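In what follows, a structure is listed as structure tokens, so that the remarks can point back to it.
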Amino acid sequence: MSSIDSYYKPQEVEAQAQKYWEEHDSFRVTEDPDREKFYCLSMFPYPSGHLHMGHVRNYSIGDAITRFQRMQGKNVLQPMGWDAFGLPAENAAMQNKVPPAQWTYGNIDYMRQQLQKLGYAYDWSREIATCHPDYYRWEQWFFTRLFDKGLVYKKEAEVNWDPVDQTVLANEQVVDGRGWRSGALVERRSIPQWFLRITAYADELLKDLESLEGWPEKVRTMQSNWIGRSEGLELVFLIAGEKDDSLRRLSVFTTRPDTLLGVTYMAIATQHPLALKAAETNPALKAFIEEQQQHKVAEAELATMEKLGVDTGLKATHPLSGEEVPIYVANFVLMSYGSGAVMAVPGHDQRDWEFARKYDLPIRQVIEPRDDGAQCDLDKEAFVDKGRLVNSGKFDGMDFQQAFEAFAETLAAKGMGSKTVNYRLRDWGVSRQRYWGAPIPIINCDHCGSVPVPEADLPVLLPEDIEFSGGGSPLPKMPEFYEVACPQCGQAARRETDTFDTFMESSWYYARYACRDQTESMLDARANYWLPVDQYIGGIEHAILHLLYSRFYHKLLRDEGLVDSDEPMTNLLTQGMVLKDGSKMSKSRGNTVDPLPLIEQYGADTVRMFTLFASAPDQSLDWSDSGVEGMYRFLKRLWKLLADHEAVASGSPSAQEFNAAQKKLRLKTHQTIDKVTDDFQRRHAFNTAIAAVMELVNELSDFARAGADASDRLVIQEALEAVTLMLAPVVPHFSHVAWLHLGHDQACLDASWPVVDRSALQQDSMLIVIQVNGKLRGKMEVDRDAGRDELEKLAVADDSVQRFLSEGSIRKIIVVPGRLVNIVIS
RNA sequence: GCCCAGGUGGCGGAAUUGGUAGACGCGCUAGCUUCAGGUGCUAGUGAUCGAAAGGUCGUGGAGGUUCAAGUCCUCUCCUGGGCACCA
């Protein structure tokens, strides 16, 4: 036992606990097949140079879960690392004339120290920095594997080009259509780039969302919408008089095949090959296409933009009716979705309707409302609901599903159409024309084409000792980097100077933590011990891209035989933003709060506790300095209580005979254990867990104040132990020292989570609420075994009820056992 | 436009299965300790009427279901987020 000073000095407490953890290497874990594992992971930070409150919140949540699970007896892995590639390092390099590598590694060292100050239970032996060749070499290797499997390909794609700086800009470097440094108008340029075939996994990524029951519904919905699966029919309209076979068949996709006979014109995108060809001989059309090209406006405006188009003069033949309809080039048709052409049914699609009105095209009704009162007035707007077919010959009377099948069959028989599925999801472009990223392991040879770098030549090292000035990546200016011999034919070739999208690194880091010292392979058997991640914690801003890419990557790893699970993370907690004065903390708003001075003033435990207490983890958190003060007060008060308490061996209090006051405190103690356990385990409601512990401490203070004899001290000991253990995941340093003070040799972090003593929850009496007509009128303390009849009798006899009886007679009495009696009077 | 959250005291937020609305913390008020204090302790603190006992109102708004609604249903307003001409 160690006695403690009654004045709480967080700096000393935290130093003592951290020293112990360090000396005992307390957070290092190894695989142990005999124990249940728990992998708790917080999204790793970008090493920007300093921790902000969002990090503190994220990691305090993760650490609380980690330590709780450890106290449940599980073998818990909680690693930490650095999402170290990225644009800010390049910007800093330009500003400070420091190579990005040096800047990044310096930041990592500094931020690691900050994290250690906060006392998080990380197994630092597994630390990863994605900019390290030991890490990205496997990403390069994996890419070459995907290349061999045909899961990567190269195609032209548009980038933002700054004509003054002569460089490609990331989207965030384009401000109001101009380069952020040069101020020059940004141009769109097409250059060859690498893509990962995520669309090949679209169906599985969508289907498996259903199995992710531990993910917030919101995230699943967002991913589902992002994938955007729609079932429909792909069908062909022939172009009348067109000789060129590649242009003769105009293919379109529709989710409403039932409206097929309502087609009165066709609409194609400005970039559609047919449009481009027609423009060659049609100056008005050419001008229109060029003008639309200029309009690379914000996507939000697109939706409300006026619908415009030009007649190509071409005619398409309806595959069923044989009718010839005009083909328009229209600004509302996207080249990137479906085939870049649509069949227009103005009667039953609002966009088509508006366009038809504007250009005086016929509007034909082929669907009529079922008898459900739906309104249909094609003079006012399109009728877009599903209904019954009319004006469609032999298809008349069919409903949507019948028509879908019938049209599909008819068209298939003619070789003019088939059922298809379309996705909103696009393949993942992974090329970045940047320096500070993992080099794409491809060599371009004039004779052999794109050749992956052989495994023996990996990694392709990113040169770190470089001069970094403006004007884009230095790699294309470094012949020593890009001048290589082709691995296949040996002739002079050129290495790719593009680097990977940094989402590539963050898509598989969770797996590499399991075996980051493995030099022979990307992953080994240890990954299957730890995976999938049992609890992942991070910002909602990653709901789509990072989490979708990680799920995709996991399936790629699985199909390469590297992991045996289908999904990377079973449970996901998306923590809310940290706000100050109602708006998000950000440098530009100037409302950031630096965690470090607070840690110095109050200690890490107070700061951690406040971030968990101020709101539920998935809600936003409003920062309040006086709230932090409140947490500090609580810890000081509890500390005093502990110091004033003389530890006793915590035998088995249940063998004792307790007086009423002792029973009452024990009831509160065990009720609190019950609630807090549920809050931690099931709800992740740390805010209410902490509040419940505070309630217990308040009651404990009152009890202890009354003076304590030997048997009282036993009950106090029991309560203080419970409090110390329940707070251990939140304020681990505090609990570490408190636990020793309470007479334990074993470290608090290895202690077991407290267990509810059911017998302490047994009460002799219970509080019953008395209502008259649903309004609270009184309360009564009744015997635990009081039956329904007795409760009724007692309630009616209550003074507060008697007063209302003069106003009417009793109609009904509702008894909710253990809760209330409601007397209905009228 | 579509989809998803959310709206509760002066503030952050509780109320988990329809059953005592406002736990816990902040702030505020009064008092005590006597502290140089910004410390500590005690009591009070939704609004309103009342000396009190007690009553009335009260969870964005309007209806409804129910013995009973912050919680369920219908309509509506506001805030935040996501998607956005997806055929």
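Labels for the structure tokens follow display order: chains A, B, ..., residues from 1 in each chain, ligands from 1.
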
Using only C-alpha atoms (C1' of nucleotides), which protein or nucleic acid residues come within 12 Å of G19 in chain B? Drop anything in the same chain fewer than 4 positions from it, and give the result as a PyMOL selection string.
(chain A and resi 768-771+774-776+814-822) or (chain B and resi 15+66-69+71)

Write the residues you've just listed into a file as a PDB file, in the first residue's frame, and include C-alpha atoms (C1' of nucleotides) for each of them.
```
ATOM      1  CA  ILE A 768     -43.739   3.535  -6.489  1.00  0.00           C
ATOM      2  CA  VAL A 769     -45.009   6.599  -8.302  1.00  0.00           C
ATOM      3  CA  ILE A 770     -48.645   7.489  -7.915  1.00  0.00           C
ATOM      4  CA  GLN A 771     -50.392   9.162 -10.832  1.00  0.00           C
ATOM      5  CA  GLY A 774     -51.368  10.284 -15.840  1.00  0.00           C
ATOM      6  CA  LYS A 775     -50.095  13.165 -13.710  1.00  0.00           C
ATOM      7  CA  LEU A 776     -47.630  12.672 -10.914  1.00  0.00           C
ATOM      8  CA  ILE A 814     -53.337   0.776 -14.023  1.00  0.00           C
ATOM      9  CA  VAL A 815     -50.546  -0.866 -12.100  1.00  0.00           C
ATOM     10  CA  VAL A 816     -47.072  -1.145 -13.607  1.00  0.00           C
ATOM     11  CA  PRO A 817     -45.269  -3.458 -11.169  1.00  0.00           C
ATOM     12  CA  GLY A 818     -42.155  -1.951  -9.662  1.00  0.00           C
ATOM     13  CA  ARG A 819     -42.900   1.430 -11.203  1.00  0.00           C
ATOM     14  CA  LEU A 820     -46.201   3.163 -10.825  1.00  0.00           C
ATOM     15  CA  VAL A 821     -49.901   3.156 -10.163  1.00  0.00           C
ATOM     16  CA  ASN A 822     -52.073   5.335 -12.378  1.00  0.00           C
TER      17      ASN A 822
ATOM     18  C1'   A B  15     -33.986  10.184 -19.949  1.00  0.00           C
ATOM     19  C1'   U B  66     -52.908   5.944 -25.386  1.00  0.00           C
ATOM     20  C1'   C B  67     -54.696   5.154 -18.619  1.00  0.00           C
ATOM     21  C1'   A B  68     -49.862   7.422 -19.769  1.00  0.00           C
ATOM     22  C1'   A B  69     -46.022  10.584 -25.254  1.00  0.00           C
ATOM     23  C1'   U B  71     -40.258   8.745 -26.954  1.00  0.00           C
TER      24        U B  71
END
```

Write out as CSV the residues of chain B that have any atom within 10 Å of an atom of chain A, one row each with the nearest atom pair and its distance in Å to one decimal, counting only C-alpha atoms (C1' of nucleotides), sorted by chain and then rising number.
```
residue,atom,partner,partner_atom,distance
B:G1,C1',A:Ala303,CA,8.5
B:C3,C1',A:Thr221,CA,8.4
B:C4,C1',A:Lys218,CA,6.2
B:A5,C1',A:Lys218,CA,8.1
B:G6,C1',A:Gln619,CA,9.8
B:C11,C1',A:Ser624,CA,9.6
B:G12,C1',A:Ala614,CA,6.3
B:G13,C1',A:Ser615,CA,6.5
B:A14,C1',A:Thr688,CA,7.3
B:U16,C1',A:Arg683,CA,8.6
B:G19,C1',A:Leu820,CA,7.1
B:U20,C1',A:Val769,CA,6.4
B:A23,C1',A:Ala691,CA,7.7
B:C24,C1',A:Ala691,CA,4.4
B:G25,C1',A:Gly630,CA,6.6
B:C26,C1',A:Gly627,CA,5.5
B:G27,C1',A:Ser626,CA,8.9
B:G40,C1',A:Arg637,CA,9.7
B:C67,C1',A:Val824,CA,6.2
B:A68,C1',A:Gly774,CA,5.1
B:G81,C1',A:Ile540,CA,9.6
B:G82,C1',A:Met222,CA,6.6
B:C83,C1',A:Asn225,CA,7.2
B:A84,C1',A:Ala303,CA,6.6
B:C85,C1',A:Phe332,CA,4.9
B:C86,C1',A:Arg424,CA,6.2
B:A87,C1',A:Thr254,CA,5.7
```

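Between CA of Ile367 in chain A and CA of Glu324 in chain A the interatomic distance comes to 21.1 Å.
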
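Per DSSP on the backbone, strand (DSSP E) in range 412-530 of chain A comprises Gly417, Ser418, Lys419, Thr420, Val421, Asn422, Tyr423, Trp428, Gly429, Ser431, Arg432, Ile442, Ile443, Asn444, Cys445, Gly449, Ser450, Val451, Pro452, Glu483, Val484, Ala485, Ala492, Ala493, Arg494, Arg495, Thr499 and Phe500 of chain A.
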
With C-alpha atoms retained, write the just-selected residues as a tab-separated table (two decimals), in the first residue's frame.
```tsv
chain	number	residue	atom	x	y	z
A	417	GLY	CA	-31.30	-5.32	-75.75
A	418	SER	CA	-30.66	-7.09	-72.48
A	419	LYS	CA	-30.99	-6.63	-68.74
A	420	THR	CA	-28.04	-4.73	-67.26
A	421	VAL	CA	-26.87	-3.27	-63.99
A	422	ASN	CA	-25.28	0.15	-63.85
A	423	TYR	CA	-23.27	1.76	-61.08
A	428	TRP	CA	-10.42	4.45	-58.64
A	429	GLY	CA	-7.83	6.73	-60.23
A	431	SER	CA	-2.12	8.36	-60.18
A	432	ARG	CA	-1.01	11.62	-58.65
A	442	ILE	CA	5.77	0.77	-63.60
A	443	ILE	CA	8.30	1.24	-66.37
A	444	ASN	CA	7.12	2.55	-69.69
A	445	CYS	CA	8.89	1.01	-72.64
A	449	GLY	CA	4.41	-0.90	-73.15
A	450	SER	CA	3.79	-0.61	-69.43
A	451	VAL	CA	5.93	-3.11	-67.58
A	452	PRO	CA	5.62	-3.66	-63.83
A	483	GLU	CA	16.03	6.71	-66.83
A	484	VAL	CA	15.94	2.94	-66.58
A	485	ALA	CA	16.27	-0.13	-68.73
A	492	ALA	CA	16.13	2.36	-72.58
A	493	ALA	CA	12.78	3.07	-70.98
A	494	ARG	CA	11.18	5.61	-68.68
A	495	ARG	CA	10.01	5.03	-65.15
A	499	THR	CA	3.00	8.58	-57.29
A	500	PHE	CA	0.06	6.84	-55.65
```

Any chance you could list, as a PyMOL selection string, the residues in range 213-408 of chain A that come up alpha helix (DSSP H) when DSSP is run on the backbone?
chain A and resi 217-227+245-248+273-280+283-294+299-304+350-359+400-408

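Using only C-alpha atoms (C1' of nucleotides), the residues found no farther than 10 Å from Gln601 in chain A, other than those of its own chain fewer than 5 positions away, are A:Pro10, A:Gln11, A:Leu596, A:Thr606, A:Val607, A:Tyr632.
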
Near U42 in chain B, counting only C-alpha atoms (C1' of nucleotides), which residues have an atom at most 12 Å away, once you skip same-chain residues fewer than 5 positions from it, shown as a list of chain:residue names?
A:Asp702, B:A30, B:G31, B:C32, B:U33

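Taking CA of Glu90 in chain A and CA of Met478 in chain A as the two end points, the separation is 16.9 Å.
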